[in-house]
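Let me begin by presenting the structure, written as structure tokens, before commenting on it.
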Amino acid sequence: EISLGLVGSEMCIRDRNESNLETLRVWRNSHDVNQFMEYREHISVESQHIWFQNLMKGNNHYFIIYTNDNPIGMIHLGNVDNSIGTAESGMFIAEKDYRGTGLAFSASKLLLEYAFETLKLNELFAKVKNDNKNAQDYNKLLGFREIRQLNNDFSQWSLKKIDFDRKKSVLNQLTS
């Protein structure tokens, strides 16, 4: 199991496992979360297990975000391609009381450090809903840039390692 975070910190991210599947499924089926997702169909218990098994086959890093041992959301690197150093990234905070608290930002910083420093990736991509101004502003704050429209609903954003390295001291100040 991978766990990222400072010992004694109020926030950490831990590898997802089968014990988290039902929590993830409930979160993803909630309107609060799935309104911002590309896949919005109801997720059954069976389809959740199939998704989990498929994740295990690929090069994916899905983490549950915890604060004080309470799960509050998910963050991930999907479709990691080590040969060219890329991955897709995404996250959500499912528990409403923790939105806007800075915990998502701390989790994102941990994930970006893991991606660029541990996995040695060169570039991350994110899909952002075109009408989700909060997500756009959030990604800009992290250093992502919009690179193209994918369709009427989503655009693709990119963060290169060199830009993360330039932004890291600012991110450290924001999370200290």
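By order in the structure tokens, chains are A, B, ...; within a chain, residues start at 1; ligands start at 1, following the order shown.
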**OP:** Fewer than 4 positions away in the same chain doesn't count, so skip those; otherwise give me all residues within 7 Å of Asn59 in chain A, counting only C-alpha atoms, as a ChimeraX atom specification.
**Re:** /A:78-80
**OP:** Would you kindly return, as number ranges by chain, each protein, DNA or RNA residue with an atom no farther than 7 Å from any atom of Gly90 in chain A, considering only C-alpha atoms and excluding same-chain residues fewer than 2 positions away?
**Re:** A: 75-77, 88, 126
Original post:
Using the chain letters and numbers from this document, which residues of chain A does DSSP assign to strand (DSSP E or B), as a PyMOL selection string?
Top reply: chain A and resi 3-4+11-15+61-67+70-81+86-93+123-129+145-149+154-160
Original post:
So which residues touch range 144-161 of chain A within 8 Å, counting only C-alpha atoms, skipping near sequence neighbours fewer than 3 positions away, as an MDAnalysis selection string?
Top reply: chainID A and resid 116 121:131 139:141 164:165
Original post:
What's the 10 Å shell around Trp27 in chain A, counting only C-alpha atoms, without same-chain residues fewer than 5 positions away, as a ChimeraX atom specification?
Top reply: /A:21-22,32-34,72-74,92-95
Original post:
What is the distance between CA of Ile162 in chain A and CA of Lys133 in chain A, in Å to one decimal?
Top reply: 25.2 Å
Quick one: residues within 9 Å of Gln48 in chain A, only C-alpha atoms, excluding same-chain residues fewer than 2 positions away - as an mmCIF file with all heavy atoms, in the first residue's frame?
```
data_model
loop_
_atom_site.group_PDB
_atom_site.id
_atom_site.type_symbol
_atom_site.label_atom_id
_atom_site.label_comp_id
_atom_site.auth_asym_id
_atom_site.auth_seq_id
_atom_site.Cartn_x
_atom_site.Cartn_y
_atom_site.Cartn_z
ATOM 1 N N LEU A 21 -14.205 0.400 -2.160
ATOM 2 C CA LEU A 21 -15.005 0.388 -3.384
ATOM 3 C C LEU A 21 -16.425 0.902 -3.189
ATOM 4 O O LEU A 21 -16.918 1.661 -4.016
ATOM 5 C CB LEU A 21 -15.045 -1.014 -3.995
ATOM 6 C CG LEU A 21 -13.807 -1.439 -4.761
ATOM 7 C CD1 LEU A 21 -14.008 -2.825 -5.362
ATOM 8 C CD2 LEU A 21 -13.439 -0.443 -5.827
ATOM 9 N N GLU A 22 -17.071 0.508 -2.132
ATOM 10 C CA GLU A 22 -18.458 0.940 -1.941
ATOM 11 C C GLU A 22 -18.516 2.435 -1.650
ATOM 12 O O GLU A 22 -19.389 3.138 -2.158
ATOM 13 C CB GLU A 22 -19.147 0.126 -0.845
ATOM 14 C CG GLU A 22 -20.614 0.469 -0.659
ATOM 15 C CD GLU A 22 -21.484 0.315 -1.918
ATOM 16 O OE1 GLU A 22 -21.068 -0.344 -2.904
ATOM 17 O OE2 GLU A 22 -22.594 0.873 -1.926
ATOM 18 N N LEU A 24 -16.395 4.700 -2.710
ATOM 19 C CA LEU A 24 -16.151 5.344 -4.006
ATOM 20 C C LEU A 24 -17.395 5.313 -4.886
ATOM 21 O O LEU A 24 -17.724 6.292 -5.538
ATOM 22 C CB LEU A 24 -15.003 4.651 -4.745
ATOM 23 C CG LEU A 24 -13.595 5.043 -4.337
ATOM 24 C CD1 LEU A 24 -12.584 4.129 -5.021
ATOM 25 C CD2 LEU A 24 -13.320 6.484 -4.683
ATOM 26 N N ARG A 25 -18.067 4.172 -4.902
ATOM 27 C CA ARG A 25 -19.267 4.019 -5.733
ATOM 28 C C ARG A 25 -20.363 4.987 -5.284
ATOM 29 O O ARG A 25 -20.996 5.657 -6.106
ATOM 30 C CB ARG A 25 -19.764 2.571 -5.676
ATOM 31 C CG ARG A 25 -20.866 2.251 -6.669
ATOM 32 C CD ARG A 25 -21.281 0.789 -6.545
ATOM 33 N NE ARG A 25 -22.181 0.596 -5.424
ATOM 34 C CZ ARG A 25 -23.483 0.870 -5.437
ATOM 35 N NH1 ARG A 25 -24.060 1.336 -6.530
ATOM 36 N NH2 ARG A 25 -24.230 0.666 -4.377
ATOM 37 N N ILE A 43 -23.583 3.766 -11.315
ATOM 38 C CA ILE A 43 -22.569 2.719 -11.196
ATOM 39 C C ILE A 43 -23.101 1.639 -10.259
ATOM 40 O O ILE A 43 -23.370 1.903 -9.082
ATOM 41 C CB ILE A 43 -21.245 3.303 -10.676
ATOM 42 C CG1 ILE A 43 -20.730 4.383 -11.632
ATOM 43 C CG2 ILE A 43 -20.207 2.199 -10.475
ATOM 44 C CD1 ILE A 43 -19.606 5.234 -11.079
ATOM 45 N N SER A 44 -23.256 0.440 -10.791
ATOM 46 C CA SER A 44 -23.733 -0.686 -9.979
ATOM 47 C C SER A 44 -22.562 -1.291 -9.206
ATOM 48 O O SER A 44 -21.390 -1.032 -9.508
ATOM 49 C CB SER A 44 -24.346 -1.753 -10.878
ATOM 50 O OG SER A 44 -23.335 -2.367 -11.666
ATOM 51 N N VAL A 45 -22.878 -2.115 -8.220
ATOM 52 C CA VAL A 45 -21.840 -2.822 -7.451
ATOM 53 C C VAL A 45 -20.998 -3.664 -8.406
ATOM 54 O O VAL A 45 -19.761 -3.655 -8.331
ATOM 55 C CB VAL A 45 -22.477 -3.692 -6.340
ATOM 56 C CG1 VAL A 45 -21.444 -4.588 -5.693
ATOM 57 C CG2 VAL A 45 -23.175 -2.811 -5.308
ATOM 58 N N GLU A 46 -21.660 -4.342 -9.323
ATOM 59 C CA GLU A 46 -20.946 -5.202 -10.271
ATOM 60 C C GLU A 46 -20.020 -4.386 -11.182
ATOM 61 O O GLU A 46 -18.851 -4.742 -11.367
ATOM 62 C CB GLU A 46 -21.940 -5.995 -11.128
ATOM 63 C CG GLU A 46 -21.266 -6.926 -12.107
ATOM 64 C CD GLU A 46 -22.256 -7.653 -13.010
ATOM 65 O OE1 GLU A 46 -23.469 -7.633 -12.721
ATOM 66 O OE2 GLU A 46 -21.803 -8.235 -14.004
ATOM 67 N N ILE A 50 -15.854 -4.494 -11.675
ATOM 68 C CA ILE A 50 -15.212 -4.636 -12.987
ATOM 69 C C ILE A 50 -14.221 -3.488 -13.200
ATOM 70 O O ILE A 50 -13.090 -3.706 -13.642
ATOM 71 C CB ILE A 50 -16.267 -4.690 -14.116
ATOM 72 C CG1 ILE A 50 -17.071 -5.987 -14.003
ATOM 73 C CG2 ILE A 50 -15.618 -4.546 -15.489
ATOM 74 C CD1 ILE A 50 -18.312 -6.028 -14.875
ATOM 75 N N TRP A 51 -14.637 -2.269 -12.859
ATOM 76 C CA TRP A 51 -13.749 -1.109 -12.960
ATOM 77 C C TRP A 51 -12.485 -1.335 -12.138
ATOM 78 O O TRP A 51 -11.365 -1.108 -12.610
ATOM 79 C CB TRP A 51 -14.495 0.142 -12.483
ATOM 80 C CG TRP A 51 -13.638 1.350 -12.309
ATOM 81 C CD1 TRP A 51 -13.177 2.199 -13.285
ATOM 82 C CD2 TRP A 51 -13.128 1.871 -11.067
ATOM 83 N NE1 TRP A 51 -12.414 3.197 -12.731
ATOM 84 C CE2 TRP A 51 -12.373 3.023 -11.370
ATOM 85 C CE3 TRP A 51 -13.241 1.474 -9.737
ATOM 86 C CZ2 TRP A 51 -11.721 3.782 -10.393
ATOM 87 C CZ3 TRP A 51 -12.608 2.231 -8.759
ATOM 88 C CH2 TRP A 51 -11.857 3.362 -9.100
ATOM 89 N N PHE A 52 -12.652 -1.804 -10.903
ATOM 90 C CA PHE A 52 -11.517 -2.035 -10.013
ATOM 91 C C PHE A 52 -10.572 -3.086 -10.600
ATOM 92 O O PHE A 52 -9.347 -2.895 -10.599
ATOM 93 C CB PHE A 52 -12.009 -2.463 -8.627
ATOM 94 C CG PHE A 52 -10.904 -2.658 -7.630
ATOM 95 C CD1 PHE A 52 -10.278 -1.565 -7.053
ATOM 96 C CD2 PHE A 52 -10.500 -3.932 -7.271
ATOM 97 C CE1 PHE A 52 -9.259 -1.738 -6.127
ATOM 98 C CE2 PHE A 52 -9.489 -4.111 -6.342
ATOM 99 C CZ PHE A 52 -8.860 -3.021 -5.766
ATOM 100 N N GLN A 53 -11.131 -4.174 -11.122
ATOM 101 C CA GLN A 53 -10.288 -5.220 -11.717
ATOM 102 C C GLN A 53 -9.525 -4.682 -12.930
ATOM 103 O O GLN A 53 -8.351 -5.011 -13.132
ATOM 104 C CB GLN A 53 -11.132 -6.442 -12.107
ATOM 105 C CG GLN A 53 -11.751 -7.168 -10.928
ATOM 106 C CD GLN A 53 -10.740 -7.559 -9.859
ATOM 107 O OE1 GLN A 53 -9.654 -8.044 -10.166
ATOM 108 N NE2 GLN A 53 -11.074 -7.322 -8.603
#
```
Original post:
What does the distance between CA of Met56 in chain A and CA of Glu117 in chain A come to in Å, to one decimal place?
Top reply: 22.7 Å
Subject >> Neighbour list for Gln173 in chain A as a ChimeraX atom specification, cut-off 12 Å, only C-alpha atoms, skip fewer than 4 positions in-chain >> reply: /A:105-106,109,167-169
Using N, CA, C and O atoms, can you export the residues from the last selection as a JSON list (two decimals), in the first residue's frame?
```json
[["chain", "number", "residue", "atom", "x", "y", "z"],
["A", 105, "PHE", "N", -6.04, 20.90, -2.16],
["A", 105, "PHE", "CA", -4.80, 21.48, -2.66],
["A", 105, "PHE", "C", -3.59, 20.71, -2.12],
["A", 105, "PHE", "O", -2.64, 20.41, -2.86],
["A", 106, "SER", "N", -3.62, 20.38, -0.85],
["A", 106, "SER", "CA", -2.53, 19.60, -0.25],
["A", 106, "SER", "C", -2.43, 18.22, -0.90],
["A", 106, "SER", "O", -1.33, 17.73, -1.17],
["A", 109, "LYS", "N", -0.88, 18.62, -4.34],
["A", 109, "LYS", "CA", 0.57, 18.83, -4.25],
["A", 109, "LYS", "C", 1.29, 17.50, -4.02],
["A", 109, "LYS", "O", 2.31, 17.21, -4.66],
["A", 167, "LYS", "N", 6.86, 26.20, -10.28],
["A", 167, "LYS", "CA", 5.73, 26.57, -9.41],
["A", 167, "LYS", "C", 5.86, 25.97, -8.00],
["A", 167, "LYS", "O", 5.14, 26.38, -7.10],
["A", 168, "LYS", "N", 6.76, 25.03, -7.81],
["A", 168, "LYS", "CA", 6.80, 24.24, -6.58],
["A", 168, "LYS", "C", 6.98, 25.10, -5.33],
["A", 168, "LYS", "O", 6.33, 24.86, -4.32],
["A", 169, "SER", "N", 7.82, 26.11, -5.36],
["A", 169, "SER", "CA", 8.03, 26.92, -4.16],
["A", 169, "SER", "C", 6.75, 27.66, -3.77],
["A", 169, "SER", "O", 6.43, 27.80, -2.58]]
```
